[in-house]
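Since the structure comes first, as structure tokens, the remarks are kept for the end.
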Amino acid sequence: IGSVSGSASSTGSFGNLLVNGAGVSRVGIGTKTPSNQLHIKNTSGDNRGLMIESTVASSYSELQLKGAGAKEFRLGTGGSAVHVANQFYIYDATSGVHRFDIDTDGNIGIGTTAPSYRLDVRKAGETIIQAKATSAGRAKLHLDAYNEISEIYFKLTGANKGAIYQESDGTKLNVYGFGGSSYGYEIITAVYSNGRVGIKQHDPSFDLDVTGTGRFTDTVNFEGNVSGSVTSTGSFG
């Protein structure tokens, strides 16, 4: 280990290190023909990567990227004494905010440095996640819970309000209300095998099975028999 000195226009080759001179500004490690400003080339063995290491607990290891428009992003990881300890992050240095973080459990945070789930997206105000096909094709969201319930939760200020879920045996799709009362919690149930739909009825016996009252504000057409119990009331004219 020693020092390399020379003028601003010096060029030279030092073993596997090549430094080009004025007007070129390229450094080659393992190559004498660098194609980029820094070109690291491995020609034998499993010698991989570029290591940026900090041994200071209160510091960071970063790769800083800055364009001509002055926008600066930083890719890095934090020491054990900082709030993003041992996490990978993309930091918007121009705006002073973290844009993307992966914590030590592999959870991904967008807009948060402390993701609570495998993918945790947060933003002050309206937050939209989009899956868009830019040509002919479907946009899909796949939920596969193996042999458990697959569900989508709806919350208000952190409190559970409702959910859409497929039962663990894969037979029914339910709209679920966390404020359920006498009818239980399933507001609407659709049975895959026979197409039956229950309203406040988890095990519908008819194509439409309603527990409770109903109201129609326009014409209702029946093709077939209409039957009811001895206590039925109504006008069929």
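For the structure tokens, the naming scheme is as follows: chains receive sequential letters (A, B, ...) according to their order of presentation, residues are indexed from 1 within each chain, and ligands are indexed from 1 in presentation order.
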
For stretch 166-179 of chain A, please output as a ChimeraX atom specification all residues within 6 Å (counting only C-alpha atoms; exclusion window: fewer than 6 positions along the same chain). /A:147-150,185-192

Just the residues within 6 Å of stretch 93-105 of chain A, please, counting only C-alpha atoms, with nothing from its chain fewer than 6 positions along; format it as a CSV table (one decimal) with N, CA, C and O atoms, in the first residue's frame.
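That gives us out_3.csv:
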chain,number,residue,atom,x,y,z
A,71,LYS,N,-31.3,17.5,-8.5
A,71,LYS,CA,-32.0,16.5,-7.7
A,71,LYS,C,-31.0,15.4,-7.2
A,71,LYS,O,-30.3,14.9,-8.0
A,72,GLU,N,-31.1,15.1,-6.0
A,72,GLU,CA,-30.1,14.2,-5.4
A,72,GLU,C,-30.8,13.1,-4.7
A,72,GLU,O,-31.7,13.3,-3.8
A,73,PHE,N,-30.5,11.8,-5.0
A,73,PHE,CA,-31.0,10.6,-4.3
A,73,PHE,C,-29.8,9.9,-3.7
A,73,PHE,O,-28.7,9.9,-4.3
A,87,GLN,N,-31.2,-1.1,7.6
A,87,GLN,CA,-32.2,-1.1,6.5
A,87,GLN,C,-31.6,-0.6,5.2
A,87,GLN,O,-30.7,0.2,5.3
A,111,GLY,N,-42.9,5.6,1.6
A,111,GLY,CA,-43.4,6.7,2.4
A,111,GLY,C,-43.3,6.5,3.9
A,111,GLY,O,-43.8,7.3,4.6
A,113,THR,N,-40.5,4.7,7.0
A,113,THR,CA,-39.2,4.0,7.3
A,113,THR,C,-39.5,2.8,8.3
A,113,THR,O,-38.6,2.1,8.7

Per DSSP on the backbone, filter stretch 5-220 of chain A down to the residues in strand (DSSP E) and report them as JSON, numbers by chain. {"A": [12, 13, 14, 17, 18, 19, 27, 28, 29, 38, 39, 40, 60, 61, 62, 63, 64, 65, 66, 72, 73, 74, 75, 76, 77, 78, 88, 89, 90, 91, 92, 97, 98, 99, 100, 101, 102, 108, 109, 110, 119, 120, 121, 150, 151, 152, 153, 154, 155, 156, 159, 160, 161, 162, 163, 164, 165, 166, 172, 173, 174, 175, 176, 177, 186, 187, 188, 189, 190, 191, 197, 198, 199, 208, 209, 210]}

Looking at A:Gly137, A:Gly67, A:Ile90, A:Gly184, which one is nearest to A:Thr211, with distances taken over only C-alpha atoms? A:Gly184
